[in-house]
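Below is entry_16.pdb, which holds PDB, C-alpha atoms, pLDDT in the B column.
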ATOM      1  CA  MET A   1      -6.164   7.953  11.498  1.00 43.00           C
ATOM      2  CA  LEU A   2      -5.083   4.382  10.818  1.00 47.00           C
ATOM      3  CA  ALA A   3      -3.729   3.435   7.426  1.00 45.00           C
ATOM      4  CA  GLY A   4      -6.445   0.842   6.934  1.00 42.00           C
ATOM      5  CA  LEU A   5      -9.038   3.582   7.304  1.00 45.00           C
ATOM      6  CA  TRP A   6      -7.362   5.857   4.775  1.00 46.00           C
ATOM      7  CA  ARG A   7      -9.774   4.883   1.994  1.00 44.00           C
ATOM      8  CA  GLU A   8     -12.472   6.790   3.865  1.00 47.00           C
ATOM      9  CA  HIS A   9     -10.626  10.058   3.386  1.00 41.00           C
ATOM     10  CA  ALA A  10      -9.570  12.170   0.447  1.00 45.00           C
ATOM     11  CA  GLU A  11      -6.199  11.340  -1.054  1.00 56.00           C
ATOM     12  CA  PRO A  12      -3.668  14.092  -0.388  1.00 50.00           C
ATOM     13  CA  HIS A  13      -2.525  16.295  -3.215  1.00 49.00           C
ATOM     14  CA  ALA A  14       0.968  14.915  -3.790  1.00 55.00           C
ATOM     15  CA  VAL A  15       2.080  15.182  -0.191  1.00 62.00           C
ATOM     16  CA  ARG A  16       5.854  15.169  -0.539  1.00 75.00           C
ATOM     17  CA  GLN A  17       7.765  13.895   2.425  1.00 87.00           C
ATOM     18  CA  PRO A  18      11.321  12.723   2.781  1.00 90.00           C
ATOM     19  CA  LEU A  19      11.621   8.998   3.263  1.00 95.00           C
ATOM     20  CA  PRO A  20      12.449   7.910   6.817  1.00 96.00           C
ATOM     21  CA  ALA A  21      16.069   7.307   7.783  1.00 97.00           C
ATOM     22  CA  PHE A  22      15.546   3.546   8.134  1.00 97.00           C
ATOM     23  CA  LEU A  23      15.285   3.444   4.314  1.00 98.00           C
ATOM     24  CA  ASP A  24      18.608   5.202   3.662  1.00 97.00           C
ATOM     25  CA  ASN A  25      20.379   1.986   2.646  1.00 97.00           C
ATOM     26  CA  ALA A  26      17.334   0.122   1.351  1.00 98.00           C
ATOM     27  CA  PRO A  27      17.205  -1.158  -2.232  1.00 98.00           C
ATOM     28  CA  PRO A  28      15.629   1.211  -4.777  1.00 98.00           C
ATOM     29  CA  THR A  29      12.572  -1.031  -5.127  1.00 98.00           C
ATOM     30  CA  VAL A  30      11.835  -0.817  -1.406  1.00 98.00           C
ATOM     31  CA  ARG A  31      12.293   2.948  -1.421  1.00 98.00           C
ATOM     32  CA  ALA A  32       9.972   3.207  -4.442  1.00 98.00           C
ATOM     33  CA  ALA A  33       7.284   1.153  -2.689  1.00 98.00           C
ATOM     34  CA  TYR A  34       7.393   3.380   0.410  1.00 98.00           C
ATOM     35  CA  GLN A  35       7.273   6.524  -1.746  1.00 97.00           C
ATOM     36  CA  TYR A  36       4.243   5.194  -3.603  1.00 97.00           C
ATOM     37  CA  ALA A  37       2.540   4.384  -0.302  1.00 97.00           C
ATOM     38  CA  ILE A  38       3.089   7.963   0.868  1.00 96.00           C
ATOM     39  CA  GLU A  39       1.817   9.540  -2.338  1.00 94.00           C
ATOM     40  CA  HIS A  40      -0.983   7.093  -3.266  1.00 96.00           C
ATOM     41  CA  PRO A  41      -2.339   5.572  -0.060  1.00 96.00           C
ATOM     42  CA  ASN A  42      -5.805   4.931  -1.492  1.00 96.00           C
ATOM     43  CA  ASP A  43      -4.352   2.680  -4.181  1.00 97.00           C
ATOM     44  CA  LEU A  44      -2.557   0.434  -1.697  1.00 98.00           C
ATOM     45  CA  ALA A  45      -5.491   0.516   0.746  1.00 97.00           C
ATOM     46  CA  ALA A  46      -7.627  -1.056  -2.000  1.00 97.00           C
ATOM     47  CA  VAL A  47      -5.540  -4.215  -2.351  1.00 98.00           C
ATOM     48  CA  PRO A  48      -4.739  -6.994   0.089  1.00 98.00           C
ATOM     49  CA  CYS A  49      -1.308  -8.208   1.006  1.00 97.00           C
ATOM     50  CA  TYR A  50      -0.644 -11.925   0.662  1.00 97.00           C
ATOM     51  CA  CYS A  51       2.464 -12.352   2.814  1.00 95.00           C
ATOM     52  CA  GLY A  52       0.502 -13.336   5.926  1.00 94.00           C
ATOM     53  CA  CYS A  53       0.773  -9.923   7.580  1.00 94.00           C
ATOM     54  CA  GLY A  54      -2.902  -9.963   8.470  1.00 90.00           C
ATOM     55  CA  ALA A  55      -1.699 -11.921  11.505  1.00 93.00           C
ATOM     56  CA  ILE A  56       0.097  -8.783  12.740  1.00 94.00           C
ATOM     57  CA  GLY A  57      -2.934  -6.571  12.209  1.00 93.00           C
ATOM     58  CA  HIS A  58      -2.494  -5.314   8.663  1.00 96.00           C
ATOM     59  CA  ARG A  59      -5.741  -4.701   6.795  1.00 97.00           C
ATOM     60  CA  ASP A  60      -4.308  -4.026   3.329  1.00 98.00           C
ATOM     61  CA  ASN A  61      -1.032  -3.530   1.459  1.00 98.00           C
ATOM     62  CA  LEU A  62      -0.774   0.070   2.654  1.00 98.00           C
ATOM     63  CA  GLY A  63      -0.372  -1.163   6.228  1.00 97.00           C
ATOM     64  CA  CYS A  64       2.912  -2.825   5.264  1.00 98.00           C
ATOM     65  CA  PHE A  65       4.447   0.618   4.762  1.00 98.00           C
ATOM     66  CA  VAL A  66       2.452   3.221   6.690  1.00 97.00           C
ATOM     67  CA  SER A  67       0.709   2.849  10.046  1.00 95.00           C
ATOM     68  CA  GLU A  68      -0.762   6.312  10.495  1.00 95.00           C
ATOM     69  CA  PHE A  69      -1.426   9.580   8.650  1.00 94.00           C
ATOM     70  CA  ASN A  70      -2.414  12.913  10.162  1.00 93.00           C
ATOM     71  CA  GLU A  71      -5.420  14.931   9.010  1.00 90.00           C
ATOM     72  CA  ASN A  72      -3.238  16.718   6.426  1.00 87.00           C
ATOM     73  CA  GLY A  73      -2.255  13.465   4.747  1.00 87.00           C
ATOM     74  CA  GLN A  74       1.273  13.374   6.129  1.00 91.00           C
ATOM     75  CA  VAL A  75       2.716  10.179   7.514  1.00 95.00           C
ATOM     76  CA  VAL A  76       2.845  10.168  11.296  1.00 94.00           C
ATOM     77  CA  ARG A  77       4.114   6.606  11.678  1.00 96.00           C
ATOM     78  CA  TYR A  78       5.723   4.196   9.249  1.00 98.00           C
ATOM     79  CA  ASP A  79       5.587   0.419   9.449  1.00 97.00           C
ATOM     80  CA  THR A  80       8.947  -1.277   8.892  1.00 97.00           C
ATOM     81  CA  HIS A  81       7.386  -4.550   7.741  1.00 97.00           C
ATOM     82  CA  GLY A  82       7.697  -3.590   4.061  1.00 97.00           C
ATOM     83  CA  LEU A  83      11.428  -3.078   4.483  1.00 97.00           C
ATOM     84  CA  GLY A  84      12.008  -6.809   4.755  1.00 96.00           C
ATOM     85  CA  CYS A  85       9.144  -8.339   2.795  1.00 97.00           C
ATOM     86  CA  GLY A  86       9.508  -8.837  -0.940  1.00 97.00           C
ATOM     87  CA  ILE A  87       5.866  -9.821  -1.403  1.00 98.00           C
ATOM     88  CA  CYS A  88       4.674  -6.513   0.065  1.00 98.00           C
ATOM     89  CA  VAL A  89       7.054  -4.548  -2.146  1.00 99.00           C
ATOM     90  CA  ASP A  90       6.174  -6.528  -5.272  1.00 99.00           C
ATOM     91  CA  ILE A  91       2.452  -5.965  -4.713  1.00 99.00           C
ATOM     92  CA  ALA A  92       2.952  -2.222  -4.196  1.00 99.00           C
ATOM     93  CA  LEU A  93       5.080  -1.889  -7.330  1.00 99.00           C
ATOM     94  CA  ASP A  94       2.584  -3.912  -9.380  1.00 99.00           C
ATOM     95  CA  VAL A  95      -0.171  -1.571  -8.198  1.00 99.00           C
ATOM     96  CA  GLN A  96       1.970   1.411  -9.204  1.00 98.00           C
ATOM     97  CA  ARG A  97       2.659  -0.057 -12.661  1.00 99.00           C
ATOM     98  CA  LEU A  98      -0.969  -0.978 -13.321  1.00 98.00           C
ATOM     99  CA  ARG A  99      -2.297   2.397 -12.184  1.00 98.00           C
ATOM    100  CA  ALA A 100       0.264   4.112 -14.453  1.00 98.00           C
ATOM    101  CA  GLN A 101      -1.202   2.025 -17.300  1.00 98.00           C
ATOM    102  CA  GLY A 102      -4.633   3.479 -16.500  1.00 97.00           C
ATOM    103  CA  LYS A 103      -6.133   0.419 -14.817  1.00 97.00           C
ATOM    104  CA  SER A 104      -9.024   0.993 -12.413  1.00 96.00           C
ATOM    105  CA  LEU A 105      -8.759  -0.093  -8.791  1.00 97.00           C
ATOM    106  CA  PRO A 106     -11.115  -3.057  -9.373  1.00 97.00           C
ATOM    107  CA  GLU A 107      -8.924  -4.166 -12.306  1.00 97.00           C
ATOM    108  CA  VAL A 108      -5.790  -3.775 -10.204  1.00 98.00           C
ATOM    109  CA  ARG A 109      -7.353  -5.697  -7.329  1.00 98.00           C
ATOM    110  CA  SER A 110      -8.375  -8.560  -9.618  1.00 98.00           C
ATOM    111  CA  TYR A 111      -4.819  -8.776 -10.948  1.00 98.00           C
ATOM    112  CA  ILE A 112      -3.280  -8.766  -7.459  1.00 98.00           C
ATOM    113  CA  ASP A 113      -5.701 -11.461  -6.274  1.00 98.00           C
ATOM    114  CA  ALA A 114      -4.941 -13.639  -9.324  1.00 98.00           C
ATOM    115  CA  VAL A 115      -1.156 -13.287  -9.132  1.00 98.00           C
ATOM    116  CA  TYR A 116      -0.577 -13.324  -5.373  1.00 98.00           C
ATOM    117  CA  GLY A 117      -3.603 -15.189  -4.001  1.00 96.00           C
ATOM    118  CA  SER A 118      -1.722 -18.480  -3.772  1.00 97.00           C
ATOM    119  CA  PHE A 119       1.226 -16.972  -1.856  1.00 96.00           C
ATOM    120  CA  GLY A 120      -0.453 -17.029   1.534  1.00 92.00           C
ATOM    121  CA  PRO A 121      -3.430 -15.768   3.489  1.00 94.00           C
ATOM    122  CA  GLY A 122      -4.566 -12.359   2.315  1.00 96.00           C
ATOM    123  CA  THR A 123      -5.571  -9.446   4.465  1.00 97.00           C
ATOM    124  CA  ASP A 124      -9.316  -8.884   4.813  1.00 95.00           C
ATOM    125  CA  THR A 125      -9.467  -5.964   2.376  1.00 97.00           C
ATOM    126  CA  PRO A 126     -12.848  -4.939   0.917  1.00 96.00           C
ATOM    127  CA  PHE A 127     -13.041  -5.125  -2.878  1.00 96.00           C
ATOM    128  CA  PRO A 128     -12.884  -1.575  -4.312  1.00 95.00           C
ATOM    129  CA  THR A 129     -15.573  -0.030  -6.467  1.00 88.00           C
ATOM    130  CA  ASN A 130     -15.015   2.246  -9.440  1.00 80.00           C
ATOM    131  CA  GLU A 131     -15.968   5.141  -7.161  1.00 71.00           C
ATOM    132  CA  ASP A 132     -12.850   4.377  -5.088  1.00 65.00           C
ATOM    133  CA  ALA A 133     -10.613   5.112  -8.078  1.00 60.00           C
TER
END
Write the structure described by the file as structure tokens, please.
Amino acid sequence: MLAGLWREHAEPHAVRQPLPAFLDNAPPTVRAAYQYAIEHPNDLAAVPCYCGCGAIGHRDNLGCFVSEFNENGQVVRYDTHGLGCGICVDIALDVQRLRAQGKSLPEVRSYIDAVYGSFGPGTDTPFPTNEDA
């Protein structure tokens, strides 16, 4: 199952996985973004990325961190793009902060579009509905 298709499936119940070895020496913010992607894929699948990564096939911000999940919600393949892209990490951490404040996915998406929309071309990510929350 591709990360961009994750929104079509139920979010896992706090699937805990160790972070991959390529993140061992990564800054805490990068590690936090990957951890959030693992635990809350639907949140990141609901927002675009504005770093230009649509050109490499990403469909949403989740794709910057995770390429594939299995049917149990465990990561099968990570994407290393987020390791070196501050825009991807900043978007993921803003999503995390806003969701922790109780914002709905449409509210989060509107914020991300307003703040990051001028950074570059966004991925072609459908706007979430309240049912996606």
Distance criterion (all atoms listed in the file): nearest to Cys49 of chain A out of A:Gln101, A:Gln74, A:Asn61, A:Thr29: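 Using all atoms listed in the file, the shortest distance to Cys49 of chain A belongs to A:Asn61.
Here atom CA of Glu131 of chain A stands at a distance of 26.2 Å from atom CA of Ala32 of chain A.
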Given the PyMOL selection byres ((chain A and resi 62) around 9), the residues it picks as a ChimeraX atom specification: /A:3-4,37-38,41-49,58-61,63-67,88,92
Gap from atom CA of Val76 of chain A to atom CA of Gly52 of chain A - Å, one decimal: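 It comes out at 24.2 Å.
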Point (4.8, 7.3, -4.3), cut-off 10 Å, counting all atoms listed in the file, residues as a PyMOL selection string: chain A and resi 14-17+31-41+92-93+96
Generate a file of the selected residues that holds C-alpha atoms, formatted as an mmCIF file, in the coordinates of the input.
data_model
loop_
_atom_site.group_PDB
_atom_site.id
_atom_site.type_symbol
_atom_site.label_atom_id
_atom_site.label_comp_id
_atom_site.auth_asym_id
_atom_site.auth_seq_id
_atom_site.Cartn_x
_atom_site.Cartn_y
_atom_site.Cartn_z
ATOM 1 C CA ALA A 14 0.968 14.915 -3.790
ATOM 2 C CA VAL A 15 2.080 15.182 -0.191
ATOM 3 C CA ARG A 16 5.854 15.169 -0.539
ATOM 4 C CA GLN A 17 7.765 13.895 2.425
ATOM 5 C CA ARG A 31 12.293 2.948 -1.421
ATOM 6 C CA ALA A 32 9.972 3.207 -4.442
ATOM 7 C CA ALA A 33 7.284 1.153 -2.689
ATOM 8 C CA TYR A 34 7.393 3.380 0.410
ATOM 9 C CA GLN A 35 7.273 6.524 -1.746
ATOM 10 C CA TYR A 36 4.243 5.194 -3.603
ATOM 11 C CA ALA A 37 2.540 4.384 -0.302
ATOM 12 C CA ILE A 38 3.089 7.963 0.868
ATOM 13 C CA GLU A 39 1.817 9.540 -2.338
ATOM 14 C CA HIS A 40 -0.983 7.093 -3.266
ATOM 15 C CA PRO A 41 -2.339 5.572 -0.060
ATOM 16 C CA ALA A 92 2.952 -2.222 -4.196
ATOM 17 C CA LEU A 93 5.080 -1.889 -7.330
ATOM 18 C CA GLN A 96 1.970 1.411 -9.204
#
Among the residues A:Pro28, A:Gly57, A:Gly86, A:Pro128, the one that comes closest to Ser110 of chain A [using all atoms listed in the file]: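 The answer is A:Pro128, which sits nearest to Ser110 of chain A.
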Pairwise distance for atom CA of Gly54 of chain A and atom CA of Ala21 of chain A, rounded to one decimal in Å: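 Answer for the atom CA of Gly54 of chain A to atom CA of Ala21 of chain A separation: 25.7 Å.
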Centre and edge lengths, as lines of an AutoDock Vina configuration file, for the axis-aligned box enclosing every listed atom of segment 102-121 of chain A with 8 Å of padding on each of the six sides, in Å to one decimal?
center_x = -4.9
center_y = -7.5
center_z = -6.5
size_x = 28.3
size_y = 38.0
size_z = 36.0
Could you pull the residues within 9 Å of Val108 of chain A, counting all atoms listed in the file, minus those fewer than 4 positions along the same chain, as a PDB file with C-alpha atoms, in the frame of the given file?
ATOM      1  CA  ASP A  43      -4.352   2.680  -4.181  1.00 97.00           C
ATOM      2  CA  ALA A  46      -7.627  -1.056  -2.000  1.00 97.00           C
ATOM      3  CA  VAL A  47      -5.540  -4.215  -2.351  1.00 98.00           C
ATOM      4  CA  ASP A  94       2.584  -3.912  -9.380  1.00 99.00           C
ATOM      5  CA  VAL A  95      -0.171  -1.571  -8.198  1.00 99.00           C
ATOM      6  CA  LEU A  98      -0.969  -0.978 -13.321  1.00 98.00           C
ATOM      7  CA  ARG A  99      -2.297   2.397 -12.184  1.00 98.00           C
ATOM      8  CA  LYS A 103      -6.133   0.419 -14.817  1.00 97.00           C
ATOM      9  CA  SER A 104      -9.024   0.993 -12.413  1.00 96.00           C
ATOM     10  CA  ILE A 112      -3.280  -8.766  -7.459  1.00 98.00           C
ATOM     11  CA  ASP A 113      -5.701 -11.461  -6.274  1.00 98.00           C
TER      12      ASP A 113
END
Contact residues around segment 115-117 of chain A with all atoms listed in the file at 9 Å, ignoring same-chain residues under 4 positions, as a list of chain:residue names: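 So, after excluding close chain neighbours, the residues are A:Cys49, A:Tyr50, A:Cys51, A:Ile87, A:Ile91, A:Ser110, A:Tyr111, A:Pro121, A:Gly122.
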Nearest to Val75 of chain A, chosen from A:Leu105, A:Ala26, A:Leu19, A:Val89, with all atoms listed in the file counted in the distances: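 Using all atoms listed in the file, Val75 of chain A sits closest to A:Leu19.
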Of the listed residues A:Thr125, A:Asn130, A:Pro20, A:Pro27, that which approaches Gly84 of chain A most closely, counting all atoms listed in the file: A:Pro27
Residue among A:Tyr78, A:Cys53, A:Glu107, A:Glu71 lying closest to Phe119 of chain A, counting only C-alpha atoms: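 Looking at the shortest contact to Phe119 of chain A, the residue is A:Cys53.
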